[in-house]
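Enquirer: Got a structure for you, structure13.cif, holding mmCIF, C-alpha atoms and all ligand atoms.
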```
data_target
loop_
_atom_site.label_atom_id
_atom_site.label_comp_id
_atom_site.auth_asym_id
_atom_site.auth_seq_id
_atom_site.Cartn_x
_atom_site.Cartn_y
_atom_site.Cartn_z
CA MET A 1 -67.84 46.50 131.96
CA THR A 2 -67.97 49.01 129.06
CA THR A 3 -64.83 50.82 128.07
CA PRO A 4 -65.02 54.46 129.20
CA LEU A 5 -65.27 57.06 126.45
CA LYS A 6 -61.99 58.86 125.83
CA GLY A 7 -61.34 62.23 124.26
CA PHE A 8 -58.24 63.71 122.68
CA VAL A 9 -57.24 66.72 124.74
CA HIS A 10 -54.62 69.25 123.65
CA SER A 11 -54.24 71.10 126.96
CA THR A 12 -56.07 72.76 129.85
CA GLU A 13 -55.96 76.18 131.48
CA SER A 14 -56.85 76.46 135.16
CA PHE A 15 -57.77 80.14 135.40
CA GLY A 16 -59.24 81.22 132.06
CA SER A 17 -60.72 84.72 132.13
CA VAL A 18 -61.49 85.39 128.45
CA ASP A 19 -63.51 82.34 127.40
CA GLY A 20 -66.91 82.95 128.95
CA PRO A 21 -68.20 84.51 132.18
CA GLY A 22 -66.15 84.60 135.37
CA ILE A 23 -63.09 82.46 136.08
CA ARG A 24 -63.17 79.21 134.11
CA PHE A 25 -61.35 75.92 133.72
CA VAL A 26 -60.74 75.77 129.96
CA VAL A 27 -60.26 72.51 128.09
CA PHE A 28 -58.67 72.75 124.63
CA MET A 29 -59.72 69.73 122.60
CA GLN A 30 -57.41 68.37 119.92
CA GLY A 31 -58.38 68.41 116.24
CA CYS A 32 -59.76 70.93 113.76
CA ARG A 33 -60.62 70.79 110.05
CA MET A 34 -60.44 74.51 109.47
CA ARG A 35 -57.16 76.24 108.68
CA CYS A 36 -57.71 79.82 109.80
CA GLN A 37 -54.82 82.02 108.70
CA PHE A 38 -54.81 83.72 112.10
CA CYS A 39 -55.11 80.55 114.23
CA HIS A 40 -52.77 80.87 117.21
CA ASN A 41 -53.09 77.17 118.03
CA PRO A 42 -51.99 75.28 114.87
CA ASP A 43 -50.70 72.59 117.21
CA THR A 44 -54.37 71.68 117.89
CA TRP A 45 -55.09 70.89 114.22
CA ASN A 46 -54.06 67.21 114.01
CA ILE A 47 -57.08 64.98 114.58
CA GLY A 48 -56.37 61.97 116.79
CA ALA A 49 -53.25 63.46 118.40
CA GLY A 50 -53.18 64.93 121.93
CA THR A 51 -53.61 63.22 125.28
CA GLU A 52 -56.34 60.62 125.67
CA MET A 53 -58.48 61.29 128.74
CA THR A 54 -61.78 60.10 130.18
CA THR A 55 -64.48 62.57 131.18
CA ASP A 56 -63.97 61.62 134.85
CA GLU A 57 -60.26 62.38 134.66
CA LEU A 58 -60.96 65.77 133.10
CA LEU A 59 -63.76 66.62 135.49
CA ASP A 60 -61.65 65.66 138.52
CA MET A 61 -58.96 68.08 137.30
CA ALA A 62 -61.51 70.85 136.73
CA MET A 63 -63.27 70.44 140.09
CA GLU A 64 -60.05 71.20 141.93
CA TYR A 65 -60.67 74.82 140.91
CA GLU A 66 -64.37 74.96 141.78
CA TYR A 67 -63.64 77.27 144.72
CA PHE A 68 -62.55 80.03 142.31
CA TRP A 69 -65.60 79.92 140.03
CA GLY A 70 -68.06 81.90 142.18
CA ASP A 71 -71.54 82.52 140.72
CA LYS A 72 -70.54 82.90 137.08
CA GLY A 73 -67.51 80.73 136.39
CA GLY A 74 -67.29 77.09 135.41
CA ILE A 75 -65.94 74.97 132.58
CA THR A 76 -65.37 76.05 128.98
CA VAL A 77 -64.52 73.54 126.28
CA SER A 78 -62.59 75.08 123.39
CA GLY A 79 -60.13 73.80 120.81
CA GLY A 80 -59.30 72.93 118.15
CA GLU A 81 -62.91 72.24 117.32
CA PRO A 82 -64.73 70.52 120.19
CA LEU A 83 -67.76 69.49 118.09
CA LEU A 84 -65.53 66.94 116.32
CA GLN A 85 -65.66 65.01 119.62
CA ILE A 86 -69.30 65.68 120.41
CA ASP A 87 -70.01 62.42 122.27
CA PHE A 88 -67.18 63.13 124.67
CA ILE A 89 -68.37 66.70 125.28
CA ILE A 90 -71.96 65.53 125.91
CA GLU A 91 -70.75 63.10 128.58
CA LEU A 92 -68.45 65.70 130.14
CA PHE A 93 -71.17 68.37 130.28
CA GLN A 94 -73.80 65.91 131.57
CA LYS A 95 -71.53 65.07 134.48
CA ALA A 96 -70.65 68.74 135.02
CA LYS A 97 -74.32 69.78 135.08
CA ALA A 98 -75.09 66.99 137.58
CA LEU A 99 -72.60 68.77 139.86
CA GLY A 100 -74.22 72.16 139.18
CA VAL A 101 -71.29 73.47 137.09
CA ASN A 102 -71.79 76.20 134.45
CA THR A 103 -70.85 74.91 130.99
CA ALA A 104 -69.71 76.87 127.94
CA LEU A 105 -68.70 75.67 124.49
CA ASP A 106 -66.32 77.70 122.32
CA THR A 107 -66.86 76.60 118.73
CA CYS A 108 -66.50 77.70 115.13
CA GLY A 109 -69.50 75.51 114.23
CA GLN A 110 -67.88 73.96 111.16
CA PRO A 111 -68.98 70.33 111.90
CA PHE A 112 -72.63 71.37 112.36
CA THR A 113 -75.28 69.74 110.18
CA ARG A 114 -79.01 69.15 110.56
CA ASP A 115 -78.44 65.59 109.30
CA GLU A 116 -78.36 62.57 111.59
CA PRO A 117 -76.62 61.21 113.51
CA PHE A 118 -74.94 64.55 114.28
CA PHE A 119 -78.10 66.60 114.78
CA GLY A 120 -79.61 64.38 117.48
CA ARG A 121 -76.30 64.42 119.32
CA PHE A 122 -76.15 68.21 119.03
CA GLU A 123 -79.64 68.51 120.54
CA GLU A 124 -78.45 66.36 123.45
CA LEU A 125 -75.46 68.63 123.90
CA MET A 126 -77.61 71.77 123.95
CA LYS A 127 -79.58 70.37 126.91
CA VAL A 128 -76.43 70.53 129.04
CA THR A 129 -74.76 73.64 127.59
CA ASP A 130 -75.35 77.00 129.25
CA LEU A 131 -73.57 79.20 126.74
CA ILE A 132 -72.07 78.99 123.26
CA LEU A 133 -69.13 81.18 122.33
CA MET A 134 -69.81 81.35 118.60
CA ASP A 135 -66.85 82.33 116.46
CA ILE A 136 -67.92 83.88 113.17
CA LYS A 137 -64.71 84.28 111.18
CA HIS A 138 -66.11 86.11 108.16
CA ILE A 139 -69.64 86.94 107.01
CA ASP A 140 -68.79 86.64 103.31
CA ARG A 141 -68.88 83.06 101.99
CA GLN A 142 -65.97 83.38 99.55
CA LYS A 143 -63.82 85.48 101.89
CA HIS A 144 -64.51 82.97 104.66
CA LYS A 145 -63.13 80.25 102.44
CA GLU A 146 -60.01 82.25 101.62
CA LEU A 147 -59.45 82.94 105.32
CA THR A 148 -60.19 79.47 106.75
CA MET A 149 -60.24 77.00 103.79
CA TRP A 150 -63.98 76.35 104.41
CA VAL A 151 -67.14 78.17 103.41
CA ASN A 152 -69.33 79.44 106.25
CA ASP A 153 -72.59 77.60 105.36
CA SER A 154 -72.63 75.19 108.32
CA ILE A 155 -71.47 77.93 110.69
CA LEU A 156 -74.27 80.32 109.78
CA ASP A 157 -76.78 77.45 109.80
CA MET A 158 -75.70 76.54 113.32
CA THR A 159 -76.01 80.16 114.41
CA GLN A 160 -79.47 80.24 112.87
CA TYR A 161 -80.49 77.07 114.66
CA LEU A 162 -79.25 78.40 118.00
CA SER A 163 -81.38 81.49 117.43
CA GLU A 164 -84.41 79.31 116.64
CA ILE A 165 -84.11 77.39 119.92
CA GLY A 166 -83.14 80.44 121.99
CA GLN A 167 -79.75 79.04 123.05
CA PRO A 168 -77.73 81.95 124.53
CA ILE A 169 -74.62 82.86 122.53
CA TRP A 170 -71.76 85.28 122.60
CA VAL A 171 -70.63 86.13 119.07
CA ARG A 172 -66.87 86.52 118.66
CA HIS A 173 -65.15 88.03 115.64
CA VAL A 174 -61.42 88.35 115.05
CA LEU A 175 -60.55 91.74 113.55
CA ILE A 176 -57.69 91.40 111.07
CA PRO A 177 -56.39 94.22 108.85
CA GLU A 178 -56.57 93.30 105.15
CA ARG A 179 -58.81 90.29 105.92
CA THR A 180 -61.87 91.09 108.05
CA ASP A 181 -61.36 94.77 108.86
CA TYR A 182 -63.48 96.32 106.10
CA ASP A 183 -66.52 98.46 106.84
CA GLU A 184 -68.54 96.64 104.15
CA PHE A 185 -68.09 93.23 105.78
CA LEU A 186 -68.39 94.50 109.34
CA THR A 187 -71.67 96.22 108.45
CA ARG A 188 -72.97 93.00 106.86
CA LEU A 189 -71.95 91.02 109.92
CA GLY A 190 -73.59 93.58 112.21
CA ASP A 191 -76.82 93.36 110.18
CA TYR A 192 -76.71 89.56 110.33
CA ILE A 193 -76.17 89.48 114.10
CA ALA A 194 -79.11 91.87 114.51
CA THR A 195 -81.42 89.22 112.97
CA LEU A 196 -80.55 86.72 115.74
CA LYS A 197 -82.73 86.46 118.86
CA ASN A 198 -80.27 84.90 121.27
CA VAL A 199 -77.19 87.13 121.36
CA GLN A 200 -76.06 88.12 124.85
CA LYS A 201 -72.76 89.69 123.89
CA VAL A 202 -70.67 90.57 120.81
CA GLU A 203 -66.91 90.58 121.21
CA ILE A 204 -64.25 91.92 118.86
CA LEU A 205 -60.98 90.02 119.23
CA PRO A 206 -58.13 92.12 117.80
CA TYR A 207 -55.74 89.97 115.75
CA HIS A 208 -52.38 89.37 117.42
CA LYS A 209 -49.21 87.59 116.37
CA MET A 210 -48.61 85.56 119.50
CA GLY A 211 -48.89 82.23 117.70
CA ILE A 212 -46.28 82.89 114.99
CA TYR A 213 -43.52 80.98 116.77
CA LYS A 214 -45.70 77.84 116.66
CA TYR A 215 -45.87 78.03 112.86
CA GLN A 216 -42.10 78.36 112.72
CA ALA A 217 -41.69 75.38 115.06
CA LEU A 218 -44.14 73.28 113.03
CA GLY A 219 -42.71 74.37 109.66
CA ILE A 220 -46.10 75.73 108.50
CA PRO A 221 -46.05 78.85 106.27
CA TYR A 222 -47.58 81.86 108.08
CA LYS A 223 -50.00 83.60 105.75
CA LEU A 224 -50.42 86.84 107.69
CA GLU A 225 -46.75 87.79 107.53
CA GLY A 226 -46.39 91.58 107.65
CA ILE A 227 -49.91 92.25 108.92
CA ASP A 228 -50.06 94.12 112.22
CA SER A 229 -52.71 94.16 114.92
CA PRO A 230 -55.58 96.59 114.22
CA THR A 231 -55.33 100.09 115.67
CA GLN A 232 -57.52 101.03 118.63
CA GLU A 233 -59.44 103.32 116.28
CA ARG A 234 -60.31 100.39 113.97
CA VAL A 235 -61.29 98.24 116.94
CA GLU A 236 -63.67 101.00 118.07
CA ASN A 237 -65.00 101.27 114.52
CA ALA A 238 -65.70 97.52 114.44
CA ARG A 239 -67.40 97.70 117.83
CA ARG A 240 -69.66 100.42 116.45
CA LEU A 241 -70.50 98.57 113.21
CA LEU A 242 -71.21 95.33 115.08
CA ARG A 243 -73.24 97.36 117.62
CA CYS A 244 -71.43 95.70 120.51
CA ASP A 245 -72.87 98.14 123.05
CA GLU A 246 -76.42 97.00 122.23
CA TYR A 247 -75.81 93.45 123.47
CA LYS A 248 -75.72 93.62 127.24
CA ASN A 249 -77.80 90.62 128.31
CA TYR A 250 -74.67 88.88 129.55
CA LEU A 251 -74.54 91.43 132.39
CA ALA A 252 -77.89 90.15 133.72
CA VAL A 253 -76.82 86.50 133.85
S1 LIG B 301 -61.34 77.02 113.95
FE1 LIG B 301 -60.11 77.62 115.71
S2 LIG B 301 -58.65 75.94 116.04
FE2 LIG B 301 -59.52 75.68 113.99
S3 LIG B 301 -58.06 76.68 112.64
FE3 LIG B 301 -59.64 78.18 113.15
S4 LIG B 301 -58.87 79.31 114.92
FE4 LIG B 301 -57.65 77.42 114.73
#
```
Go through the file and emit its structure as structure tokens.
Expert:
Amino acid sequence: MTTPLKGFVHSTESFGSVDGPGIRFVVFMQGCRMRCQFCHNPDTWNIGAGTEMTTDELLDMAMEYEYFWGDKGGITVSGGEPLLQIDFIIELFQKAKALGVNTALDTCGQPFTRDEPFFGRFEELMKVTDLILMDIKHIDRQKHKELTMWVNDSILDMTQYLSEIGQPIWVRHVLIPERTDYDEFLTRLGDYIATLKNVQKVEILPYHKMGIYKYQALGIPYKLEGIDSPTQERVENARRLLRCDEYKNYLAV
């Protein structure tokens, strides 16, 4: 008998309403290589920590909530960065699809590469993924590195690839005063998104400070000290520059 594949899971949320369409069972996978200054889950960063679970154990937990999913809901896998455990996610989504469950992947795309063995695995994953929630942290390469400790090459390449194959995505962008909230960068991001053929929705996520206590508990310096959430006016400005109202395909799904 082969040993079942296990994944490192940080936590789960039974009634997620902000990570994809409808009501969703959200799985937060453990481990991330990025270090976003605004990350509200720094406790997901450590690779190899978390609770070890099989895909059957996770799916059994999720299916208890199937009744609440209706036409649109389902399972979202988030993180941390779920693509660091791609084999586990493929198996989980294959089993979910066999049960007719809607699957969404919330990713920053950092592990993406067109090199093997990753690329072949990624193609497998796309066959069983209904929607990608694609987090684009910053459109500018250097600013992206300052904000997250990584450049955005693999992220934009993944976005490009998803456009090439017509994989539906929702683009998500965190609006942070003094970091991402500049008309110049928002306009560039809006122009970039407009080149993509697969965008169903564009979401602005206003920065909030809800994760600060985790940094204090973990003894990690918080780099956005003194920066407040954006005003409603700036959120509206970002929505206009990213042309959020033009992406309405998600309503038809
Ligand atoms: S990619 Fe996500 S989990 Fe990783 S540091 Fe950034 S916000 Fe946090």
Enquirer: Tell me, in Å to one decimal, how far atom CA of Met29 of chain A is from atom CA of Pro82 of chain A.
Expert: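 Computing it gives 5.6 Å between the two atoms.
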Enquirer: Taking only C-alpha atoms and all ligand atoms into account, name the residue in A:Ala104, A:Ile47, A:Met158, A:Leu186 that is nearest to ligand LIG 301 (chain B).
Expert: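 Under the stated criterion, the closest residue is A:Ile47.
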Enquirer: Within 9 Å of segment 162-178 of chain A, counting all atoms listed in the file, which residues show up once you throw out same-chain ones fewer than 5 positions away? Write them as an NGL selection string, please.
Expert: :A and (20 or 38 or 126 or 129-138 or 157 or 193 or 195-208 or 227-230 or 234-235 or 238 or 250)
Enquirer: Residues as selected, C-alpha atoms, written as a compact mmCIF listing (two decimals), in the frame of the given file, can you do that?
Expert:
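Result file is selection12.txt:
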```txt
# COMPACT_ATOMS: atom_id res chain seq x y z
CA GLY A 20 -66.91 82.95 128.95
CA PHE A 38 -54.81 83.72 112.10
CA MET A 126 -77.61 71.77 123.95
CA THR A 129 -74.76 73.64 127.59
CA ASP A 130 -75.35 77.00 129.25
CA LEU A 131 -73.57 79.20 126.74
CA ILE A 132 -72.07 78.99 123.26
CA LEU A 133 -69.13 81.18 122.33
CA MET A 134 -69.81 81.35 118.60
CA ASP A 135 -66.85 82.33 116.46
CA ILE A 136 -67.92 83.88 113.17
CA LYS A 137 -64.71 84.28 111.18
CA HIS A 138 -66.11 86.11 108.16
CA ASP A 157 -76.78 77.45 109.80
CA ILE A 193 -76.17 89.48 114.10
CA THR A 195 -81.42 89.22 112.97
CA LEU A 196 -80.55 86.72 115.74
CA LYS A 197 -82.73 86.46 118.86
CA ASN A 198 -80.27 84.90 121.27
CA VAL A 199 -77.19 87.13 121.36
CA GLN A 200 -76.06 88.12 124.85
CA LYS A 201 -72.76 89.69 123.89
CA VAL A 202 -70.67 90.57 120.81
CA GLU A 203 -66.91 90.58 121.21
CA ILE A 204 -64.25 91.92 118.86
CA LEU A 205 -60.98 90.02 119.23
CA PRO A 206 -58.13 92.12 117.80
CA TYR A 207 -55.74 89.97 115.75
CA HIS A 208 -52.38 89.37 117.42
CA ILE A 227 -49.91 92.25 108.92
CA ASP A 228 -50.06 94.12 112.22
CA SER A 229 -52.71 94.16 114.92
CA PRO A 230 -55.58 96.59 114.22
CA ARG A 234 -60.31 100.39 113.97
CA VAL A 235 -61.29 98.24 116.94
CA ALA A 238 -65.70 97.52 114.44
CA TYR A 250 -74.67 88.88 129.55
```
Enquirer: I'd like the interatomic distance between atom CA of Gly22 of chain A and atom CA of Phe68 of chain A, to a tenth of an Å.
Expert: 9.1 Å
Enquirer: When you count all atoms listed in the file, which of these residues is closest to ligand LIG 301 (chain B): A:Glu225, A:Asp183, A:Asp245, A:Asp43?
Expert: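 With all atoms listed in the file as the atom set, the closest residue is A:Asp43.
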Enquirer: Generate N, CA and C atoms for segment 72-94 of chain A and emit them as an mmCIF file, in the frame of the given file.
Expert:
```cif
data_model
loop_
_atom_site.group_PDB
_atom_site.id
_atom_site.type_symbol
_atom_site.label_atom_id
_atom_site.label_comp_id
_atom_site.auth_asym_id
_atom_site.auth_seq_id
_atom_site.Cartn_x
_atom_site.Cartn_y
_atom_site.Cartn_z
ATOM 1 N N LYS A 72 -70.499 82.872 138.549
ATOM 2 C CA LYS A 72 -70.540 82.900 137.080
ATOM 3 C C LYS A 72 -69.625 81.907 136.400
ATOM 4 N N GLY A 73 -68.535 81.542 137.050
ATOM 5 C CA GLY A 73 -67.510 80.730 136.390
ATOM 6 C C GLY A 73 -67.935 79.288 136.185
ATOM 7 N N GLY A 74 -66.993 78.492 135.672
ATOM 8 C CA GLY A 74 -67.290 77.090 135.410
ATOM 9 C C GLY A 74 -66.290 76.490 134.445
ATOM 10 N N ILE A 75 -66.810 75.669 133.533
ATOM 11 C CA ILE A 75 -65.940 74.970 132.580
ATOM 12 C C ILE A 75 -66.268 75.443 131.165
ATOM 13 N N THR A 76 -65.230 75.766 130.409
ATOM 14 C CA THR A 76 -65.370 76.050 128.980
ATOM 15 C C THR A 76 -64.600 74.994 128.210
ATOM 16 N N VAL A 77 -65.238 74.434 127.188
ATOM 17 C CA VAL A 77 -64.520 73.540 126.280
ATOM 18 C C VAL A 77 -64.282 74.279 124.981
ATOM 19 N N SER A 78 -62.996 74.347 124.583
ATOM 20 C CA SER A 78 -62.590 75.080 123.390
ATOM 21 C C SER A 78 -61.743 74.135 122.529
ATOM 22 N N GLY A 79 -60.931 74.699 121.661
ATOM 23 C CA GLY A 79 -60.130 73.800 120.810
ATOM 24 C C GLY A 79 -59.004 74.535 120.121
ATOM 25 N N GLY A 80 -58.652 73.947 118.971
ATOM 26 C CA GLY A 80 -59.300 72.930 118.150
ATOM 27 C C GLY A 80 -60.797 73.163 117.985
ATOM 28 N N GLU A 81 -61.460 72.165 117.491
ATOM 29 C CA GLU A 81 -62.910 72.240 117.320
ATOM 30 C C GLU A 81 -63.563 71.156 118.144
ATOM 31 N N PRO A 82 -64.169 71.528 119.286
ATOM 32 C CA PRO A 82 -64.730 70.520 120.190
ATOM 33 C C PRO A 82 -65.862 69.692 119.591
ATOM 34 N N LEU A 83 -66.621 70.253 118.631
ATOM 35 C CA LEU A 83 -67.760 69.490 118.090
ATOM 36 C C LEU A 83 -67.311 68.255 117.313
ATOM 37 N N LEU A 84 -66.023 68.164 116.970
ATOM 38 C CA LEU A 84 -65.530 66.940 116.320
ATOM 39 C C LEU A 84 -65.529 65.765 117.306
ATOM 40 N N GLN A 85 -65.618 66.067 118.601
ATOM 41 C CA GLN A 85 -65.660 65.010 119.620
ATOM 42 C C GLN A 85 -66.932 65.171 120.460
ATOM 43 N N ILE A 86 -68.044 65.277 119.753
ATOM 44 C CA ILE A 86 -69.300 65.680 120.410
ATOM 45 C C ILE A 86 -69.749 64.690 121.477
ATOM 46 N N ASP A 87 -69.568 63.387 121.262
ATOM 47 C CA ASP A 87 -70.010 62.420 122.270
ATOM 48 C C ASP A 87 -69.274 62.614 123.591
ATOM 49 N N PHE A 88 -67.996 62.895 123.477
ATOM 50 C CA PHE A 88 -67.180 63.130 124.670
ATOM 51 C C PHE A 88 -67.652 64.397 125.402
ATOM 52 N N ILE A 89 -67.954 65.434 124.651
ATOM 53 C CA ILE A 89 -68.370 66.700 125.280
ATOM 54 C C ILE A 89 -69.747 66.531 125.946
ATOM 55 N N ILE A 90 -70.638 65.770 125.294
ATOM 56 C CA ILE A 90 -71.960 65.530 125.910
ATOM 57 C C ILE A 90 -71.766 64.868 127.284
ATOM 58 N N GLU A 91 -70.952 63.820 127.314
ATOM 59 C CA GLU A 91 -70.750 63.100 128.580
ATOM 60 C C GLU A 91 -70.110 64.016 129.633
ATOM 61 N N LEU A 92 -69.122 64.791 129.207
ATOM 62 C CA LEU A 92 -68.450 65.700 130.140
ATOM 63 C C LEU A 92 -69.437 66.723 130.704
ATOM 64 N N PHE A 93 -70.231 67.337 129.835
ATOM 65 C CA PHE A 93 -71.170 68.370 130.280
ATOM 66 C C PHE A 93 -72.318 67.762 131.102
ATOM 67 N N GLN A 94 -72.751 66.547 130.756
ATOM 68 C CA GLN A 94 -73.800 65.910 131.570
ATOM 69 C C GLN A 94 -73.312 65.726 133.002
#
```
